[in-house]
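Source file: query08.cif; contents: mmCIF, C-alpha atoms.
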```
data_entry
#
loop_
_atom_site.group_PDB
_atom_site.id
_atom_site.type_symbol
_atom_site.label_atom_id
_atom_site.label_comp_id
_atom_site.auth_asym_id
_atom_site.auth_seq_id
_atom_site.Cartn_x
_atom_site.Cartn_y
_atom_site.Cartn_z
ATOM 1 C CA HIS A 1 218.933 124.633 40.810
ATOM 2 C CA VAL A 2 216.733 124.959 37.733
ATOM 3 C CA THR A 3 219.295 127.135 35.931
ATOM 4 C CA LYS A 4 222.149 124.806 36.860
ATOM 5 C CA ILE A 5 220.284 121.763 35.553
ATOM 6 C CA LEU A 6 219.574 123.512 32.271
ATOM 7 C CA GLU A 7 223.120 124.842 31.881
ATOM 8 C CA LYS A 8 224.828 121.574 32.721
ATOM 9 C CA GLY A 9 222.898 119.048 30.707
ATOM 10 C CA PHE A 10 219.846 120.142 28.746
ATOM 11 C CA ALA A 11 221.608 120.554 25.375
ATOM 12 C CA PHE A 12 223.314 117.181 25.819
ATOM 13 C CA LEU A 13 219.991 115.469 26.568
ATOM 14 C CA MET A 14 218.480 117.087 23.471
ATOM 15 C CA GLU A 15 221.423 116.166 21.228
ATOM 16 C CA GLN A 16 221.395 112.572 22.450
ATOM 17 C CA ASN A 17 217.593 112.326 22.193
ATOM 18 C CA MET A 18 217.318 111.105 25.792
ATOM 19 C CA LEU A 19 213.539 111.084 25.940
ATOM 20 C CA ASP A 20 213.116 109.552 29.401
ATOM 21 C CA ASP A 21 215.474 112.073 31.000
ATOM 22 C CA LEU A 22 213.835 114.976 29.155
ATOM 23 C CA ALA A 23 210.418 113.738 30.304
ATOM 24 C CA ARG A 24 211.665 113.638 33.930
ATOM 25 C CA ILE A 25 212.962 117.213 33.627
ATOM 26 C CA TYR A 26 209.659 118.302 32.114
ATOM 27 C CA ARG A 27 207.690 116.770 34.992
ATOM 28 C CA LEU A 28 210.103 118.094 37.633
ATOM 29 C CA PHE A 29 210.087 121.610 36.190
ATOM 30 C CA GLY A 30 206.303 121.495 36.066
ATOM 31 C CA LEU A 31 206.210 120.782 39.799
ATOM 32 C CA VAL A 32 208.278 123.872 40.578
ATOM 33 C CA GLY A 33 206.636 126.140 37.988
ATOM 34 C CA ALA A 34 209.687 126.327 35.740
ATOM 35 C CA HIS A 35 208.243 125.266 32.392
ATOM 36 C CA ASN A 36 208.929 128.738 30.972
ATOM 37 C CA GLN A 37 212.651 128.387 31.657
ATOM 38 C CA LEU A 38 212.654 124.919 30.107
ATOM 39 C CA ARG A 39 210.742 126.209 27.088
ATOM 40 C CA ALA A 40 213.222 129.080 26.631
ATOM 41 C CA ASN A 41 216.117 126.600 26.625
ATOM 42 C CA PHE A 42 214.221 124.382 24.185
ATOM 43 C CA GLN A 43 213.743 127.404 21.919
ATOM 44 C CA ASP A 44 217.435 128.311 22.109
ATOM 45 C CA PHE A 45 218.459 124.733 21.296
ATOM 46 C CA VAL A 46 216.132 124.532 18.270
ATOM 47 C CA LYS A 47 217.291 127.874 16.870
ATOM 48 C CA LYS A 48 220.996 127.256 17.467
ATOM 49 C CA THR A 49 220.991 123.726 16.059
ATOM 50 C CA GLY A 50 218.733 124.684 13.164
ATOM 51 C CA LEU A 51 220.946 127.632 12.248
ATOM 52 C CA SER A 52 223.958 125.343 12.161
ATOM 53 C CA ILE A 53 222.128 123.221 9.561
ATOM 54 C CA VAL A 54 220.818 126.090 7.428
ATOM 55 C CA MET A 55 223.890 128.345 7.473
ATOM 56 C CA ASP A 56 226.520 125.704 6.647
ATOM 57 C CA GLU A 57 227.014 126.208 2.902
ATOM 58 C CA GLU A 58 229.320 123.198 2.699
ATOM 59 C CA LYS A 59 226.412 120.953 3.659
ATOM 60 C CA ASP A 60 223.838 122.372 1.228
ATOM 61 C CA SER A 61 223.631 118.982 -0.486
ATOM 62 C CA THR A 62 222.282 117.409 2.714
ATOM 63 C CA MET A 63 220.353 120.377 4.139
ATOM 64 C CA VAL A 64 216.869 119.048 3.366
ATOM 65 C CA VAL A 65 217.654 115.552 4.676
ATOM 66 C CA ASP A 66 219.228 117.079 7.809
ATOM 67 C CA LEU A 67 216.193 119.336 8.344
ATOM 68 C CA LEU A 68 213.841 116.364 7.967
ATOM 69 C CA ALA A 69 215.817 114.353 10.531
ATOM 70 C CA PHE A 70 216.020 117.320 12.933
ATOM 71 C CA LYS A 71 212.270 117.979 12.658
ATOM 72 C CA ALA A 72 211.453 114.291 13.250
ATOM 73 C CA LYS A 73 213.682 114.273 16.328
ATOM 74 C CA LEU A 74 212.086 117.463 17.704
ATOM 75 C CA ASP A 75 208.578 116.142 17.071
ATOM 76 C CA GLN A 76 209.438 112.976 18.979
ATOM 77 C CA ILE A 77 210.776 115.015 21.912
ATOM 78 C CA TRP A 78 207.708 117.253 21.888
ATOM 79 C CA GLU A 79 205.321 114.302 21.784
ATOM 80 C CA ARG A 80 207.017 111.931 24.222
ATOM 81 C CA ALA A 81 209.021 114.114 26.604
ATOM 82 C CA PHE A 82 206.951 117.308 26.613
ATOM 83 C CA LEU A 83 203.619 115.459 26.352
ATOM 84 C CA LYS A 84 202.432 117.508 23.356
ATOM 85 C CA ASN A 85 202.290 120.668 25.470
ATOM 86 C CA ASP A 86 200.700 123.320 23.227
ATOM 87 C CA VAL A 87 203.077 126.082 24.317
ATOM 88 C CA PHE A 88 206.114 123.906 23.590
ATOM 89 C CA GLY A 89 204.552 122.970 20.224
ATOM 90 C CA TYR A 90 204.098 126.624 19.331
ATOM 91 C CA THR A 91 207.681 127.319 20.424
ATOM 92 C CA LEU A 92 208.921 124.515 18.185
ATOM 93 C CA ARG A 93 207.052 125.840 15.136
ATOM 94 C CA ASP A 94 208.058 129.447 15.791
ATOM 95 C CA SER A 95 211.725 128.538 16.307
ATOM 96 C CA PHE A 96 211.803 126.404 13.156
ATOM 97 C CA GLU A 97 210.286 129.200 11.094
ATOM 98 C CA ASN A 98 212.764 131.641 12.590
ATOM 99 C CA PHE A 99 215.958 129.773 11.776
ATOM 100 C CA ILE A 100 214.942 128.371 8.375
ATOM 101 C CA ASN A 101 214.401 131.886 7.025
ATOM 102 C CA LYS A 102 217.718 133.281 8.267
ATOM 103 C CA ARG A 103 219.363 132.216 5.013
ATOM 104 C CA LYS A 104 217.107 133.888 2.517
ATOM 105 C CA ASN A 105 215.908 131.818 -0.463
ATOM 106 C CA LYS A 106 218.401 128.935 -0.162
ATOM 107 C CA PRO A 107 216.166 126.522 1.811
ATOM 108 C CA ALA A 108 213.340 127.115 -0.703
ATOM 109 C CA GLU A 109 215.676 126.412 -3.629
ATOM 110 C CA LEU A 110 217.093 123.278 -2.000
ATOM 111 C CA ILE A 111 213.638 121.926 -1.156
ATOM 112 C CA ALA A 112 212.641 122.302 -4.834
ATOM 113 C CA LYS A 113 215.858 120.572 -5.943
ATOM 114 C CA PHE A 114 215.343 117.787 -3.397
ATOM 115 C CA LEU A 115 211.817 117.129 -4.692
ATOM 116 C CA ASP A 116 213.132 117.187 -8.256
ATOM 117 C CA GLY A 117 215.648 114.492 -7.374
ATOM 118 C CA LYS A 118 212.958 112.337 -5.806
ATOM 119 C CA LEU A 119 210.513 112.771 -8.696
ATOM 120 C CA ARG A 120 212.994 111.893 -11.456
ATOM 121 C CA SER A 121 212.618 108.508 -13.121
ATOM 122 C CA GLY A 122 216.209 107.566 -12.316
ATOM 123 C CA ASN A 123 215.352 107.508 -8.620
ATOM 124 C CA LYS A 124 214.618 103.840 -7.947
ATOM 125 C CA GLY A 125 214.542 101.867 -4.741
ATOM 126 C CA GLU A 126 211.655 103.620 -3.001
ATOM 127 C CA THR A 127 208.043 102.544 -3.106
ATOM 128 C CA GLU A 128 205.248 104.964 -3.957
ATOM 129 C CA GLU A 129 204.192 104.905 -0.288
ATOM 130 C CA GLU A 130 207.711 105.846 0.830
ATOM 131 C CA ILE A 131 207.822 108.691 -1.713
ATOM 132 C CA GLU A 132 204.386 109.883 -0.561
ATOM 133 C CA ASP A 133 205.456 109.834 3.102
ATOM 134 C CA LEU A 134 208.639 111.712 2.237
ATOM 135 C CA MET A 135 206.681 114.353 0.305
ATOM 136 C CA ASP A 136 204.390 114.834 3.316
ATOM 137 C CA ARG A 137 207.399 115.390 5.569
ATOM 138 C CA VAL A 138 208.977 117.794 3.058
ATOM 139 C CA MET A 139 205.722 119.781 2.953
ATOM 140 C CA VAL A 140 205.945 120.223 6.732
ATOM 141 C CA ILE A 141 209.376 121.820 6.275
ATOM 142 C CA PHE A 142 208.111 123.830 3.270
ATOM 143 C CA ARG A 143 205.409 125.424 5.459
ATOM 144 C CA PHE A 144 208.086 127.243 7.426
ATOM 145 C CA VAL A 145 209.793 128.749 4.361
ATOM 146 C CA SER A 146 208.793 132.342 3.634
ATOM 147 C CA SER A 147 210.248 132.575 0.101
ATOM 148 C CA LYS A 148 207.657 130.373 -1.574
ATOM 149 C CA ASP A 149 208.039 132.368 -4.813
ATOM 150 C CA VAL A 150 211.664 131.190 -5.041
ATOM 151 C CA PHE A 151 210.525 127.614 -4.499
ATOM 152 C CA GLU A 152 207.906 128.075 -7.230
ATOM 153 C CA ALA A 153 210.472 129.316 -9.761
ATOM 154 C CA PHE A 154 212.852 126.401 -9.191
ATOM 155 C CA TYR A 155 210.097 123.806 -8.949
ATOM 156 C CA LYS A 156 208.426 125.002 -12.165
ATOM 157 C CA LYS A 157 211.720 124.913 -14.083
ATOM 158 C CA ASP A 158 212.511 121.408 -12.795
ATOM 159 C CA LEU A 159 208.984 120.163 -13.508
ATOM 160 C CA ALA A 160 209.204 121.472 -17.077
ATOM 161 C CA LYS A 161 212.500 119.610 -17.577
ATOM 162 C CA ARG A 162 211.061 116.393 -16.161
ATOM 163 C CA LEU A 163 208.000 116.602 -18.406
ATOM 164 C CA LEU A 164 209.830 117.666 -21.586
ATOM 165 C CA LEU A 165 212.562 115.072 -21.243
ATOM 166 C CA GLY A 166 210.230 112.314 -20.069
ATOM 167 C CA LYS A 167 212.189 111.988 -16.824
ATOM 168 C CA SER A 168 209.272 111.994 -14.409
ATOM 169 C CA ALA A 169 209.088 108.862 -12.281
ATOM 170 C CA SER A 170 205.317 108.931 -11.984
ATOM 171 C CA SER A 171 202.537 111.270 -13.056
ATOM 172 C CA ASP A 172 200.680 110.208 -9.896
ATOM 173 C CA ALA A 173 203.577 111.418 -7.735
ATOM 174 C CA GLU A 174 203.746 114.677 -9.721
ATOM 175 C CA LYS A 175 200.017 115.264 -9.284
ATOM 176 C CA SER A 176 200.223 114.353 -5.614
ATOM 177 C CA ILE A 177 202.891 116.960 -4.884
ATOM 178 C CA ILE A 178 200.922 119.577 -6.844
ATOM 179 C CA SER A 179 197.882 118.719 -4.738
ATOM 180 C CA LYS A 180 199.960 119.181 -1.575
ATOM 181 C CA LEU A 181 201.261 122.516 -2.866
ATOM 182 C CA LYS A 182 197.669 123.557 -3.599
ATOM 183 C CA ALA A 183 196.755 122.821 0.017
ATOM 184 C CA GLU A 184 199.737 124.888 1.226
ATOM 185 C CA CYS A 185 199.760 127.814 -1.205
ATOM 186 C CA GLY A 186 196.334 127.938 -2.782
ATOM 187 C CA THR A 187 195.362 127.695 -6.422
ATOM 188 C CA GLN A 188 197.618 130.463 -7.747
ATOM 189 C CA LEU A 189 200.757 128.302 -7.632
ATOM 190 C CA SER A 190 199.124 124.937 -8.236
ATOM 191 C CA GLY A 191 197.076 126.230 -11.166
ATOM 192 C CA LYS A 192 200.245 127.172 -13.030
ATOM 193 C CA LEU A 193 201.751 123.761 -12.309
ATOM 194 C CA GLU A 194 198.583 121.852 -13.231
ATOM 195 C CA GLY A 195 198.496 123.752 -16.529
ATOM 196 C CA MET A 196 201.908 122.321 -17.390
ATOM 197 C CA PHE A 197 200.390 118.821 -17.538
ATOM 198 C CA GLU A 198 197.882 119.783 -20.247
#
```

Target encoding structure tokens, full file:
Amino acid sequence: HVTKILEKGFAFLMEQNMLDDLARIYRLFGLVGAHNQLRANFQDFVKKTGLSIVMDEEKDSTMVVDLLAFKAKLDQIWERAFLKNDVFGYTLRDSFENFINKRKNKPAELIAKFLDGKLRSGNKGETEEEIEDLMDRVMVIFRFVSSKDVFEAFYKKDLAKRLLLGKSASSDAEKSIISKLKAECGTQLSGKLEGMFE
């Protein structure tokens, strides 16, 4: 019955974000010792859906926004339906890292371009708190990307343009993202970026 339940409706419940139903399945599968099967289906769903986001070249312009929405949805499912189960949390992180690196370099480039768009002075309508929250969420996605050197190259070029042309929305926001990058990548990357402000 476990296999039939998973085959017939698990993907639909995930797609529709049906938290109560997913929580019931989680509890039920726990009673019959079938969490591993549920976790395997969760992993398959994350990888398959994530690949569809990352590999669709026609949707490159929305990839970062789509990844942010997908990650938020998965976090909500993990927290509320799977009760922050550590094994499911590890599966989520591992699956995300797996699919985001299937398309070499492009996610890193698009993350840098996305941040550039948000840090430009022409980008009005968002408060500093909203920008800060968005940067935190982008950094979560950035953690999964293996081609950080590609990100660095694009980010550095865009930062130089913003600074030279006076297009930066806020030096506080620029310094904040550099601080976040320092926490993620160490001083090698952030030192080069900090030096550009002097």

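Between Val46 in chain A and the candidates A:Asp94, A:Glu7, A:Glu79, A:Asp21, the tightest atom-to-atom separation, counting only C-alpha atoms, involves A:Asp94.
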
Which one of A:Leu159, A:Cys185, A:Ala173, A:Leu19 sits closest to Phe82 in chain A if you count all atoms listed in the file? A:Leu19

Please write as an NGL selection string the full residue list that the PyMOL selection byres ((chain A and resi 20) around 12) yields on this file. :A and (13-14 or 16-19 or 21-27 or 76-77 or 79-83)

What is the CA of Ser168 in chain A to CA of Arg103 in chain A distance in Å? 29.8 Å

Write out as a ChimeraX atom specification each polymer residue whose atoms come within 12 Å of Ser61 in chain A, counting all atoms listed in the file; drop sequence neighbours fewer than 2 positions from it. /A:53-54,56-59,63-67,106-107,109-111,113-114,117

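In this structure, CA of Asn36 in chain A sits 19.2 Å away from CA of Phe12 in chain A.
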
Regenerate range 31-42 of chain A at the level of all heavy atoms and dump it as an mmCIF file, in the coordinates of the input.
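Done, and the output landed in result.cif:
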```cif
data_model
loop_
_atom_site.group_PDB
_atom_site.id
_atom_site.type_symbol
_atom_site.label_atom_id
_atom_site.label_comp_id
_atom_site.auth_asym_id
_atom_site.auth_seq_id
_atom_site.Cartn_x
_atom_site.Cartn_y
_atom_site.Cartn_z
ATOM 1 N N LEU A 31 206.508 120.757 38.358
ATOM 2 C CA LEU A 31 206.210 120.782 39.799
ATOM 3 C C LEU A 31 206.678 122.064 40.472
ATOM 4 O O LEU A 31 206.076 122.504 41.458
ATOM 5 C CB LEU A 31 206.857 119.574 40.496
ATOM 6 C CG LEU A 31 206.297 118.195 40.128
ATOM 7 C CD1 LEU A 31 207.130 117.088 40.762
ATOM 8 C CD2 LEU A 31 204.834 118.091 40.565
ATOM 9 N N VAL A 32 207.741 122.648 39.952
ATOM 10 C CA VAL A 32 208.278 123.872 40.578
ATOM 11 C C VAL A 32 207.969 125.122 39.754
ATOM 12 O O VAL A 32 208.540 126.185 39.991
ATOM 13 C CB VAL A 32 209.807 123.753 40.827
ATOM 14 C CG1 VAL A 32 210.102 122.641 41.820
ATOM 15 C CG2 VAL A 32 210.577 123.554 39.536
ATOM 16 N N GLY A 33 207.059 124.983 38.781
ATOM 17 C CA GLY A 33 206.636 126.140 37.988
ATOM 18 C C GLY A 33 207.731 126.712 37.094
ATOM 19 O O GLY A 33 207.806 127.930 36.906
ATOM 20 N N ALA A 34 208.556 125.855 36.542
ATOM 21 C CA ALA A 34 209.687 126.327 35.740
ATOM 22 C C ALA A 34 209.591 125.913 34.271
ATOM 23 O O ALA A 34 210.603 125.888 33.573
ATOM 24 C CB ALA A 34 210.988 125.825 36.348
ATOM 25 N N HIS A 35 208.386 125.639 33.796
ATOM 26 C CA HIS A 35 208.243 125.266 32.392
ATOM 27 C C HIS A 35 208.707 126.378 31.447
ATOM 28 O O HIS A 35 209.225 126.095 30.371
ATOM 29 C CB HIS A 35 206.806 124.867 32.072
ATOM 30 C CG HIS A 35 206.526 123.422 32.297
ATOM 31 N ND1 HIS A 35 205.268 122.889 32.188
ATOM 32 C CD2 HIS A 35 207.337 122.384 32.613
ATOM 33 C CE1 HIS A 35 205.310 121.594 32.440
ATOM 34 N NE2 HIS A 35 206.553 121.268 32.710
ATOM 35 N N ASN A 36 208.507 127.633 31.845
ATOM 36 C CA ASN A 36 208.929 128.738 30.972
ATOM 37 C C ASN A 36 210.440 128.740 30.764
ATOM 38 O O ASN A 36 210.919 129.026 29.661
ATOM 39 C CB ASN A 36 208.464 130.090 31.511
ATOM 40 C CG ASN A 36 207.025 130.376 31.130
ATOM 41 O OD1 ASN A 36 206.488 129.780 30.196
ATOM 42 N ND2 ASN A 36 206.392 131.283 31.853
ATOM 43 N N GLN A 37 211.193 128.447 31.796
ATOM 44 C CA GLN A 37 212.651 128.387 31.657
ATOM 45 C C GLN A 37 213.054 127.206 30.761
ATOM 46 O O GLN A 37 213.952 127.330 29.936
ATOM 47 C CB GLN A 37 213.323 128.267 33.021
ATOM 48 C CG GLN A 37 213.260 129.571 33.816
ATOM 49 C CD GLN A 37 213.696 129.341 35.244
ATOM 50 O OE1 GLN A 37 212.913 128.847 36.052
ATOM 51 N NE2 GLN A 37 214.934 129.712 35.547
ATOM 52 N N LEU A 38 212.380 126.085 30.940
ATOM 53 C CA LEU A 38 212.654 124.919 30.107
ATOM 54 C C LEU A 38 212.312 125.219 28.652
ATOM 55 O O LEU A 38 213.088 124.914 27.737
ATOM 56 C CB LEU A 38 211.851 123.710 30.607
ATOM 57 C CG LEU A 38 212.021 122.409 29.821
ATOM 58 C CD1 LEU A 38 213.464 121.926 29.863
ATOM 59 C CD2 LEU A 38 211.079 121.340 30.382
ATOM 60 N N ARG A 39 211.179 125.861 28.440
ATOM 61 C CA ARG A 39 210.742 126.209 27.088
ATOM 62 C C ARG A 39 211.737 127.169 26.425
ATOM 63 O O ARG A 39 212.077 127.031 25.249
ATOM 64 C CB ARG A 39 209.346 126.832 27.114
ATOM 65 C CG ARG A 39 208.746 127.053 25.736
ATOM 66 C CD ARG A 39 207.483 127.896 25.805
ATOM 67 N NE ARG A 39 207.660 129.138 26.526
ATOM 68 C CZ ARG A 39 208.320 130.194 26.042
ATOM 69 N NH1 ARG A 39 208.858 130.170 24.858
ATOM 70 N NH2 ARG A 39 208.426 131.294 26.767
ATOM 71 N N ALA A 40 212.240 128.130 27.173
ATOM 72 C CA ALA A 40 213.222 129.080 26.631
ATOM 73 C C ALA A 40 214.502 128.354 26.202
ATOM 74 O O ALA A 40 215.088 128.659 25.159
ATOM 75 C CB ALA A 40 213.531 130.159 27.660
ATOM 76 N N ASN A 41 214.933 127.382 26.984
ATOM 77 C CA ASN A 41 216.117 126.600 26.625
ATOM 78 C C ASN A 41 215.839 125.708 25.410
ATOM 79 O O ASN A 41 216.714 125.523 24.564
ATOM 80 C CB ASN A 41 216.599 125.765 27.816
ATOM 81 C CG ASN A 41 217.468 126.564 28.755
ATOM 82 O OD1 ASN A 41 218.684 126.482 28.698
ATOM 83 N ND2 ASN A 41 216.844 127.364 29.598
ATOM 84 N N PHE A 42 214.638 125.169 25.341
ATOM 85 C CA PHE A 42 214.221 124.382 24.185
ATOM 86 C C PHE A 42 214.278 125.258 22.928
ATOM 87 O O PHE A 42 214.831 124.865 21.897
ATOM 88 C CB PHE A 42 212.807 123.838 24.431
ATOM 89 C CG PHE A 42 212.210 123.051 23.303
ATOM 90 C CD1 PHE A 42 212.821 121.910 22.819
ATOM 91 C CD2 PHE A 42 211.007 123.439 22.732
ATOM 92 C CE1 PHE A 42 212.256 121.164 21.783
ATOM 93 C CE2 PHE A 42 210.432 122.702 21.703
ATOM 94 C CZ PHE A 42 211.059 121.569 21.230
#
```
